[in-house]
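Novice: One file: run.txt (compact mmCIF, C-alpha atoms).
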```txt
# COMPACT_ATOMS: atom_id res chain seq x y z
CA LEU O 92 141.87 -159.78 111.50
CA LEU O 93 143.44 -162.96 110.13
CA ASN O 94 147.15 -162.37 109.46
CA ILE O 95 148.37 -164.42 106.47
CA ASN O 96 151.92 -164.56 105.14
CA VAL O 97 152.04 -166.02 101.62
CA GLY O 98 155.54 -166.47 100.22
CA GLY O 99 156.87 -163.51 102.26
CA LYS O 100 153.99 -161.10 101.57
CA LEU O 101 151.59 -160.19 104.35
CA PHE O 102 147.81 -160.09 103.85
CA GLN O 103 145.15 -159.18 106.42
CA ILE O 104 141.51 -160.10 106.12
CA ALA O 105 138.60 -160.19 108.55
CA TYR O 106 137.59 -163.55 110.06
CA LYS O 107 133.93 -163.00 109.18
CA VAL O 108 134.81 -162.41 105.50
CA VAL O 109 136.66 -165.73 105.00
CA ALA O 110 134.10 -167.56 107.18
CA ARG O 111 131.51 -167.00 104.43
CA TYR O 112 133.30 -169.73 102.45
CA PRO O 113 133.66 -172.52 105.04
CA ILE O 114 134.83 -175.21 102.57
CA THR O 115 137.91 -173.21 101.52
CA ARG O 116 141.25 -173.48 103.32
CA LEU O 117 141.09 -170.00 104.87
CA GLY O 118 137.41 -170.51 105.73
CA LYS O 119 138.33 -173.61 107.74
CA LEU O 120 141.22 -171.71 109.33
CA ALA O 121 138.78 -169.03 110.53
CA LEU O 122 136.18 -171.49 111.83
CA TYR O 123 138.42 -174.06 113.55
CA THR O 124 138.93 -173.51 117.25
CA ASP O 125 141.40 -176.34 117.76
CA PRO O 126 144.98 -174.97 117.34
CA MET O 127 146.26 -178.36 116.10
CA LYS O 128 143.73 -178.43 113.25
CA ARG O 129 144.71 -174.89 112.29
CA LEU O 130 148.39 -175.85 112.14
CA GLN O 131 147.52 -178.69 109.75
CA LEU O 132 146.09 -176.14 107.30
CA CYS O 133 149.23 -173.97 107.08
CA ASP O 134 152.97 -174.52 106.67
CA ASP O 135 154.03 -172.58 109.76
CA TYR O 136 152.70 -170.28 112.50
CA SER O 137 154.33 -167.33 114.29
CA VAL O 138 153.04 -167.01 117.87
CA GLN O 139 154.55 -163.54 118.39
CA LYS O 140 152.98 -162.06 115.25
CA ASN O 141 149.89 -164.31 115.30
CA GLU O 142 150.69 -164.95 111.65
CA TYR O 143 149.96 -168.02 109.51
CA PHE O 144 152.58 -168.79 106.90
CA PHE O 145 151.87 -170.47 103.53
CA ASP O 146 154.68 -171.43 101.18
CA ARG O 147 152.70 -170.64 98.01
CA ASP O 148 152.86 -168.22 95.08
CA PRO O 149 152.01 -164.70 96.35
CA SER O 150 151.29 -163.34 92.86
CA ILE O 151 148.36 -165.73 92.39
CA PHE O 152 147.19 -165.25 95.99
CA HIS O 153 146.38 -161.63 95.08
CA TYR O 154 143.44 -163.04 93.06
CA ILE O 155 142.48 -165.37 95.93
CA PHE O 156 142.57 -162.41 98.31
CA HIS O 157 140.40 -160.39 95.92
CA PHE O 158 137.94 -163.29 95.72
CA TYR O 159 137.33 -163.27 99.48
CA ARG O 160 136.71 -159.54 99.44
CA SER O 161 134.48 -159.38 96.33
CA GLY O 162 133.14 -162.92 95.89
CA VAL O 163 134.39 -163.06 92.28
CA LEU O 164 137.44 -164.99 91.10
CA TRP O 165 139.24 -163.13 88.32
CA ILE O 166 141.41 -164.98 85.78
CA MET O 167 144.11 -163.12 83.87
CA ASP O 168 145.30 -164.20 80.40
CA GLU O 169 148.97 -164.10 81.34
CA MET O 170 148.55 -166.85 83.97
CA CYS O 171 149.73 -170.39 83.37
CA PRO O 172 146.54 -172.54 83.42
CA SER O 173 148.21 -175.52 85.13
CA ASN O 174 149.77 -173.37 87.86
CA PHE O 175 146.54 -171.43 88.45
CA VAL O 176 144.44 -174.62 88.75
CA GLU O 177 146.99 -176.09 91.17
CA GLU O 178 146.88 -172.96 93.35
CA ILE O 179 143.08 -172.61 93.54
CA GLU O 180 142.79 -176.33 94.34
CA TYR O 181 145.21 -175.82 97.22
CA TRP O 182 143.16 -172.93 98.58
CA GLY O 183 139.96 -174.92 98.09
CA ILE O 184 138.30 -172.46 95.70
CA HIS O 185 136.22 -173.74 92.79
CA LEU O 186 136.40 -172.30 89.30
CA LYS O 187 132.61 -171.74 89.38
CA TYR O 188 133.18 -168.54 91.37
CA SER O 189 134.68 -166.89 88.28
CA GLN O 190 132.69 -165.09 85.58
CA ARG O 191 131.31 -167.20 82.72
CA CYS O 192 133.36 -165.33 80.09
CA CYS O 193 136.52 -165.97 82.11
CA ARG O 194 135.70 -169.68 82.45
CA ILE O 195 135.16 -170.04 78.70
CA LEU O 196 138.45 -168.33 77.82
CA PHE O 197 140.28 -170.23 80.54
CA GLY O 198 138.88 -173.54 79.30
CA GLU O 199 140.03 -172.76 75.76
CA LYS O 200 143.49 -171.90 77.05
CA GLN O 201 143.63 -175.17 79.00
CA ASP O 202 142.65 -177.12 75.87
CA GLU O 203 145.32 -175.32 73.83
CA LEU O 204 147.96 -176.13 76.44
CA SER O 205 146.89 -179.80 76.63
CA GLU O 206 146.96 -180.06 72.83
CA TYR O 207 150.38 -178.41 72.71
CA LEU O 208 151.83 -180.79 75.32
CA LYS O 209 150.27 -183.79 73.54
CA ILE O 210 151.74 -182.77 70.18
CA GLN O 211 155.11 -182.04 71.79
CA LYS O 212 155.16 -185.52 73.32
CA GLU O 213 154.22 -187.15 70.00
CA LEU O 214 156.87 -185.12 68.16
CA GLU O 215 159.52 -186.36 70.58
CA ALA O 216 158.25 -189.92 70.14
CA GLU O 217 158.48 -189.46 66.35
CA LEU O 218 162.26 -189.02 66.58
CA GLU O 219 162.77 -191.35 69.52
CA PRO O 220 164.52 -194.53 68.36
CA LEU O 221 162.69 -197.85 68.54
CA ASP O 222 165.33 -199.27 70.89
CA SER O 223 167.56 -197.46 73.35
CA ALA O 224 171.09 -198.48 74.25
CA GLU O 225 170.02 -199.55 77.76
CA GLN O 226 167.59 -202.16 76.40
CA PHE O 227 170.42 -204.34 75.11
CA GLU O 228 171.96 -204.87 78.55
CA GLY O 229 171.67 -208.47 79.70
CA LYS O 230 170.35 -209.67 76.32
CA PHE O 231 171.86 -212.45 74.20
CA LEU O 232 174.80 -210.97 72.24
CA GLY O 233 173.71 -207.59 73.59
CA ARG O 234 176.95 -205.79 72.80
CA PHE O 235 177.02 -207.10 69.22
CA ARG O 236 173.34 -206.25 68.63
CA LYS O 237 173.84 -202.79 70.10
CA MET O 238 176.72 -202.18 67.66
CA ILE O 239 174.56 -203.25 64.69
CA TRP O 240 171.64 -201.16 65.97
CA ASN O 241 173.82 -198.02 66.13
CA LEU O 242 175.13 -198.80 62.66
CA ILE O 243 171.66 -199.13 61.10
CA GLU O 244 169.38 -196.92 63.20
CA ASN O 245 171.62 -194.09 64.41
CA PRO O 246 173.30 -192.31 61.46
CA TYR O 247 174.97 -189.79 63.78
CA SER O 248 176.73 -192.42 65.90
CA SER O 249 179.67 -192.96 63.52
CA VAL O 250 180.98 -192.37 60.00
CA PRO O 251 180.09 -195.93 58.81
CA ALA O 252 176.53 -195.44 60.09
CA LYS O 253 176.26 -192.21 58.10
CA ILE O 254 177.57 -193.98 55.00
CA ILE O 255 174.97 -196.75 55.37
CA ALA O 256 172.19 -194.14 55.73
CA VAL O 257 173.36 -192.41 52.53
CA MET O 258 173.64 -195.76 50.75
CA SER O 259 170.09 -196.67 51.80
CA SER O 260 168.71 -193.47 50.28
CA PHE O 261 170.88 -193.98 47.17
CA PHE O 262 169.60 -197.52 46.58
CA VAL O 263 165.98 -196.35 47.01
CA LEU O 264 166.48 -193.71 44.31
CA ILE O 265 168.31 -196.16 42.02
CA SER O 266 165.51 -198.70 42.46
CA ILE O 267 162.80 -196.14 41.61
CA VAL O 268 164.75 -194.90 38.57
CA GLY O 269 165.26 -198.49 37.39
CA MET O 270 161.56 -199.30 37.78
CA THR O 271 160.67 -196.14 35.83
CA LEU O 272 163.11 -196.86 32.98
CA SER O 273 161.92 -200.47 32.69
CA THR O 274 158.58 -199.17 31.37
CA VAL O 275 160.23 -197.22 28.49
CA GLU O 276 159.79 -199.01 25.15
CA GLU O 277 163.46 -198.58 24.12
CA MET O 278 164.56 -200.20 27.41
CA LYS O 279 162.56 -203.39 26.85
CA HIS O 280 165.20 -204.95 24.57
CA LYS O 281 167.00 -208.01 25.86
CA THR O 282 170.28 -206.27 26.81
CA TRP O 283 168.65 -203.39 28.70
CA LYS O 284 166.15 -205.76 30.31
CA MET O 285 168.98 -207.92 31.62
CA TRP O 286 170.72 -204.86 33.10
CA MET O 287 167.49 -203.73 34.78
CA GLU O 288 166.94 -207.17 36.25
CA GLN O 289 170.48 -207.26 37.64
CA LEU O 290 170.00 -203.79 39.13
CA GLU O 291 166.76 -204.93 40.76
CA VAL O 292 168.53 -207.99 42.22
CA ILE O 293 171.30 -205.82 43.72
CA CYS O 294 168.77 -203.42 45.25
CA ALA O 295 166.70 -206.30 46.63
CA ILE O 296 169.80 -207.88 48.21
CA PHE O 297 170.72 -204.58 49.88
CA PHE O 298 167.17 -203.98 51.19
CA THR O 299 166.92 -207.56 52.46
CA SER O 300 170.28 -207.33 54.24
CA GLU O 301 169.26 -204.01 55.78
CA TYR O 302 165.96 -205.47 57.00
CA LEU O 303 167.60 -208.60 58.45
CA MET O 304 170.20 -206.48 60.26
CA ARG O 305 167.41 -204.41 61.79
CA LEU O 306 165.56 -207.57 62.78
CA ILE O 307 168.65 -209.13 64.37
CA SER O 308 169.62 -205.96 66.25
CA SER O 309 166.13 -205.29 67.62
CA SER O 310 165.80 -205.76 71.38
CA SER O 311 162.07 -206.63 71.03
CA PHE O 312 160.71 -208.47 67.99
CA LYS O 313 157.17 -207.47 68.95
CA ASN O 314 157.99 -203.75 68.88
CA PHE O 315 159.99 -204.26 65.70
CA LEU O 316 157.03 -205.76 63.82
CA ARG O 317 154.66 -203.05 65.10
CA ALA O 318 156.88 -200.16 63.93
CA ALA O 319 155.59 -198.34 60.84
CA PHE O 320 159.00 -197.88 59.20
CA ASN O 321 159.76 -201.58 59.47
CA ALA O 322 156.44 -202.37 57.81
CA VAL O 323 157.45 -200.04 54.96
CA ASP O 324 160.77 -201.89 54.66
CA LEU O 325 158.94 -205.22 54.43
CA VAL O 326 156.59 -203.89 51.74
CA ALA O 327 159.66 -202.70 49.81
CA ILE O 328 161.21 -206.19 49.89
CA LEU O 329 158.28 -208.56 49.38
CA PRO O 330 157.36 -207.61 45.76
CA PHE O 331 160.76 -208.86 44.51
CA TYR O 332 160.37 -212.34 46.02
CA VAL O 333 156.68 -212.60 45.17
CA GLN O 334 157.55 -211.60 41.59
CA ILE O 335 160.10 -214.44 41.38
CA LEU O 336 157.50 -216.88 42.71
CA PHE O 337 154.85 -215.80 40.21
CA GLU O 338 157.30 -215.80 37.30
CA ASN O 339 158.17 -219.42 38.08
CA LEU O 340 154.47 -220.29 38.17
CA ASP O 341 154.00 -218.34 34.94
CA GLU O 342 156.71 -220.37 33.23
CA GLY O 343 155.30 -223.63 34.57
CA ASP O 344 151.85 -222.84 33.23
CA ALA O 345 153.23 -221.66 29.90
CA LEU O 346 154.53 -225.17 29.18
CA TYR O 347 150.92 -226.30 28.85
CA HIS O 348 149.55 -223.28 27.03
CA GLU O 349 147.73 -225.55 24.56
CA GLU O 350 144.95 -226.02 27.07
CA LEU O 351 142.54 -223.08 27.25
CA HIS O 352 142.25 -222.88 31.02
CA LYS O 353 146.04 -222.89 31.32
CA VAL O 354 146.27 -219.91 28.98
CA GLU O 355 143.71 -218.10 31.11
CA ASN O 356 145.81 -218.82 34.21
CA VAL O 357 148.89 -217.39 32.48
CA SER O 358 146.93 -214.22 31.67
CA LYS O 359 145.74 -213.87 35.26
CA LEU O 360 149.25 -214.41 36.60
CA GLY O 361 150.54 -211.74 34.21
CA LYS O 362 148.07 -209.20 35.60
CA VAL O 363 148.99 -210.09 39.18
CA LEU O 364 152.67 -209.82 38.26
CA LYS O 365 152.17 -206.30 36.89
CA LEU O 366 150.41 -205.30 40.10
CA ILE O 367 153.23 -206.73 42.22
CA LYS O 368 155.85 -204.90 40.15
CA LEU O 369 153.91 -201.69 40.68
CA MET O 370 154.14 -202.16 44.47
CA ARG O 371 157.86 -201.41 44.22
CA ILE O 372 156.92 -197.73 44.07
CA PHE O 373 156.33 -197.92 47.85
CA ARG O 374 160.11 -198.10 48.27
CA ILE O 375 160.15 -194.33 48.02
CA LEU O 376 158.55 -194.28 51.49
CA LYS O 377 161.86 -195.61 52.86
CA LEU O 378 163.25 -192.11 52.34
CA ALA O 379 161.05 -190.94 55.23
CA ARG O 380 163.38 -192.80 57.64
CA HIS O 381 166.15 -190.25 56.97
CA SER O 382 164.04 -187.27 55.85
CA THR O 383 162.75 -184.79 58.43
CA GLY O 384 160.50 -183.16 55.81
CA LEU O 385 158.70 -186.41 54.96
CA ARG O 386 158.29 -187.20 58.65
CA ALA O 387 156.85 -183.76 59.27
CA PHE O 388 154.44 -184.22 56.34
CA GLY O 389 153.24 -187.59 57.66
CA PHE O 390 152.91 -186.17 61.18
CA THR O 391 150.90 -183.23 59.82
CA MET O 392 148.50 -185.57 58.02
CA ARG O 393 148.01 -187.61 61.21
CA GLN O 394 147.39 -184.53 63.36
CA CYS O 395 145.12 -182.81 60.82
CA TYR O 396 143.06 -185.83 59.79
CA GLN O 397 139.86 -184.10 60.94
CA GLN O 398 140.49 -181.07 58.70
CA VAL O 399 141.44 -183.34 55.79
CA CYS O 400 138.28 -185.44 56.25
CA CYS O 401 136.20 -182.23 56.36
CA LEU O 402 137.86 -181.08 53.13
CA PHE O 403 136.98 -184.36 51.38
CA LEU O 404 133.43 -184.13 52.74
CA PHE O 405 132.99 -180.61 51.34
CA ILE O 406 134.48 -181.71 48.01
CA ALA O 407 132.05 -184.64 47.85
CA MET O 408 129.12 -182.34 48.67
CA GLY O 409 130.24 -179.88 45.99
CA VAL O 410 130.67 -182.62 43.37
CA PHE O 411 127.19 -184.04 43.98
CA THR O 412 125.52 -180.61 44.14
CA PHE O 413 127.10 -179.00 41.06
CA SER O 414 126.94 -182.17 38.95
CA ALA O 415 123.19 -182.37 39.63
CA LEU O 416 122.73 -178.67 38.78
CA MET O 417 124.78 -178.98 35.58
CA HIS O 418 122.85 -182.05 34.44
CA SER O 419 119.53 -180.32 35.05
CA VAL O 420 120.43 -177.33 32.81
CA GLU O 421 122.47 -179.16 30.12
CA HIS O 422 120.85 -182.57 29.59
CA ASP O 423 118.55 -181.29 26.79
CA VAL O 424 121.42 -179.83 24.72
CA PRO O 425 122.16 -181.99 21.61
CA GLY O 426 125.50 -183.81 21.82
CA THR O 427 126.07 -182.87 25.46
CA ASN O 428 128.44 -184.86 27.64
CA PHE O 429 126.24 -184.27 30.70
CA THR O 430 123.90 -187.17 29.87
CA SER O 431 123.58 -188.16 33.53
CA ILE O 432 124.66 -186.98 36.97
CA PRO O 433 127.44 -189.61 37.28
CA TYR O 434 128.88 -188.43 33.94
CA ALA O 435 128.97 -184.88 35.35
CA TRP O 436 130.97 -185.95 38.43
CA TRP O 437 134.30 -185.73 36.59
CA TRP O 438 133.56 -182.20 35.37
CA ALA O 439 132.52 -181.10 38.89
CA ALA O 440 135.65 -182.65 40.46
CA VAL O 441 138.13 -180.95 38.10
CA SER O 442 136.24 -177.65 38.33
CA LEU O 443 136.20 -177.70 42.15
CA SER O 444 139.93 -178.37 42.18
CA THR O 445 140.32 -175.36 39.79
CA VAL O 446 142.29 -177.57 37.39
CA GLY O 447 139.67 -177.39 34.60
CA TYR O 448 140.93 -179.71 31.86
CA GLY O 449 138.34 -178.35 29.40
CA ASP O 450 137.46 -181.84 28.14
CA THR O 451 133.84 -181.30 29.21
CA VAL O 452 132.35 -177.81 29.06
CA PRO O 453 128.80 -176.37 29.31
CA ASP O 454 127.13 -174.88 26.23
CA THR O 455 124.24 -172.88 27.69
CA VAL O 456 124.33 -169.59 29.62
CA LEU O 457 122.80 -171.23 32.68
CA GLY O 458 125.41 -173.99 32.47
CA ARG O 459 128.23 -171.44 32.43
CA MET O 460 126.73 -169.70 35.45
CA VAL O 461 126.67 -173.02 37.31
CA ALA O 462 130.28 -173.60 36.23
CA PHE O 463 131.30 -170.17 37.53
CA ALA O 464 129.60 -170.90 40.87
CA CYS O 465 131.37 -174.28 41.03
CA ILE O 466 134.81 -172.77 40.34
CA SER O 467 134.23 -169.94 42.86
CA PHE O 468 133.20 -172.46 45.51
CA GLY O 469 136.32 -174.50 44.70
CA ILE O 470 138.62 -171.49 45.17
CA ILE O 471 137.08 -170.71 48.58
CA LEU O 472 137.10 -174.38 49.58
CA ASN O 473 140.76 -174.92 48.66
CA GLY O 474 141.86 -171.71 50.34
CA MET O 475 140.47 -172.53 53.79
CA PRO O 476 142.39 -175.67 54.91
CA ILE O 477 145.60 -175.10 52.92
CA SER O 478 146.79 -172.30 55.21
CA ILE O 479 146.05 -174.42 58.30
CA LEU O 480 147.92 -177.42 56.92
CA TYR O 481 150.87 -175.32 55.75
CA ASN O 482 151.23 -173.48 59.07
CA LYS O 483 151.10 -176.71 61.03
CA PHE O 484 153.56 -178.39 58.67
CA SER O 485 156.01 -175.48 59.08
CA ASP O 486 155.61 -175.60 62.86
CA TYR O 487 156.08 -179.39 63.09
CA TYR O 488 159.04 -179.32 60.69
CA ALA O 489 160.79 -176.62 62.74
CA LYS O 490 160.19 -178.53 65.98
CA LEU O 491 161.36 -181.84 64.53
CA LYS O 492 164.49 -180.18 63.14
CA ALA O 493 165.24 -178.46 66.46
CA HIS O 494 164.73 -181.70 68.40
CA GLU O 495 166.93 -183.55 65.89
CA ASN O 496 169.72 -181.00 66.30
CA GLU O 497 169.49 -181.18 70.10
CA THR O 498 169.72 -184.99 69.95
```
Show this structure as structure tokens.

Specialist:
Amino acid sequence: LLNINVGGKLFQIAYKVVARYPITRLGKLALYTDPMKRLQLCDDYSVQKNEYFFDRDPSIFHYIFHFYRSGVLWIMDEMCPSNFVEEIEYWGIHLKYSQRCCRILFGEKQDELSEYLKIQKELEAELEPLDSAEQFEGKFLGRFRKMIWNLIENPYSSVPAKIIAVMSSFFVLISIVGMTLSTVEEMKHKTWKMWMEQLEVICAIFFTSEYLMRLISSSSFKNFLRAAFNAVDLVAILPFYVQILFENLDEGDALYHEELHKVENVSKLGKVLKLIKLMRIFRILKLARHSTGLRAFGFTMRQCYQQVCCLFLFIAMGVFTFSALMHSVEHDVPGTNFTSIPYAWWWAAVSLSTVGYGDTVPDTVLGRMVAFACISFGIILNGMPISILYNKFSDYYAKLKAHENET
């Protein structure tokens, strides 16, 4: 018998049994005749007891021991996949010796663990600051830049940093409210317009100062420009300066409005100016810098992009299918709105989403049956991914919040 001590537990097995698997560690131990080669396979050897010692996990070796006796490697659900793979690789046993059902379940568990670790790493990176305090050592004005970095990027470092974070969110909200009120007819009078313009200037000055302070305090300009939040900050600032540029061009062209092509240029500039003013709405994305909920939502969308793409694919398939069916049963009805399949797309889209504005409705019995099928399909379609997205959002939000509190 081959006496084996694994982590303090003794196992005995016949030499001829382990010799049936010569490529495994115990198989080599049984076949080698050179004592030095045998000692290289174990951690220690007791001459008095004729016992080979292995400093490994004895609980997993029970399954290894059972494999030598039965020829089948059993895998239990409660085992850690990483630890089990490490142990069987040490003993030189391949996973192919296990049953096919066990291999399938074990593979799924490995994939789940890998996905969990990947998401955990990305969640930690989500809250990890762009620059760490150690990166400023040895840099030009490193101490000064580190102080500014803590002031702007780390709200929990001091009371002034917390105040700046609150002010940043306050100015974002004020800017959005000002942009919204500027479209109200009563607010377009000269006095209110002047106040709105002054408010916009103050907000733009604050956002520009905030962006420049981040730029100055960054330890790596390359990493700074690649960061998503900094790109959002830049998009929030640029419309103000581009608007000033286009307004100056607009005024310059207006001086020569007598010429037809100049008037056309003024009209084009006006349309571009409206579009640029509309871009200010992206300032609301700045709130994500200090909002765990918005970060969790964005992280959920990134992680679940496959489910979201599948949802849009199914919606597109449903729109094309039900719009074609509705057109085929309703196109002969006098005064129908379903004159073509593209005209029926809007009806199919709002019916699939279960909104149902009622602006376009079928008149025939067959049309109403198609509409019922479309709405039923929409209810089933909307119910499938929503639960997945909500559960993942709740999970990511809880993890982000816990990691934030630990930090």

Novice: Between O:Asn496, O:Thr299, O:Asn339, O:Thr124, which one has atoms that come closest to O:Phe262, using all atoms listed in the file?

Specialist: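 Counting all atoms listed in the file, the residue closest to O:Phe262 is O:Thr299.
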
Novice: Taking all atoms listed in the file into account, name the residue in O:Ile265, O:Ser485, O:Met278, O:His494 that is nearest to O:Gly384.

Specialist: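 Result for the nearest residue to O:Gly384: O:Ser485.
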
Novice: Which neighbours of O:Cys401 fall inside 12 Å, counting only C-alpha atoms, when residues of the same chain fewer than 5 positions from it are skipped, and could you give them as a list in words?

Specialist: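 Within the cut-off, the hits are Cys395, Tyr396, Ile406, Ala407, Met408, Leu472, Asn473, Met475 and Pro476 of chain O.
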
Novice: Mind pulling up the distance from atom CA of O:Lys187 to atom CA of O:Val97?

Specialist: 23.7 Å

Novice: So how many Å separate atom CA of O:Thr451 and atom CA of O:Ala464, to one decimal?

Specialist: 16.2 Å

Novice: With 5 Å of padding per side, what axis-aligned box (centre and edge lengths, Å, one decimal) covers all the listed atoms of stretch 372-382 of chain O? Give it as JSON.

Specialist:
```
{"center_x": 161.2, "center_y": -192.7, "center_z": 50.9, "size_x": 19.8, "size_y": 20.8, "size_z": 23.6}
```

Novice: Give me, please, the distance in Å between atom CA of O:Lys200 and atom CA of O:Arg160, quoted to one decimal.

Specialist: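 According to the coordinates, atom CA of O:Lys200 and atom CA of O:Arg160 are separated by 26.5 Å.
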
Novice: Need the shell around O:Phe484: protein/DNA/RNA residues with any atom at most 8 Å away, counting all atoms listed in the file. Skip same-chain ones fewer than 4 positions apart. Format as a ChimeraX atom specification?

Specialist: /O:387-388,391,480,488

Novice: Closest to O:Ser414 among O:Leu385, O:Ile296, O:Leu402, O:Cys465, using all atoms listed in the file?

Specialist: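 Under the stated criterion, the closest residue is O:Cys465.
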
Novice: Quick one: residues within 9 Å of O:Ile184, only C-alpha atoms, excluding same-chain residues fewer than 4 positions away - as a VMD selection string?

Specialist: chain O and resid 112 114 to 116 155 164 178 to 180 188
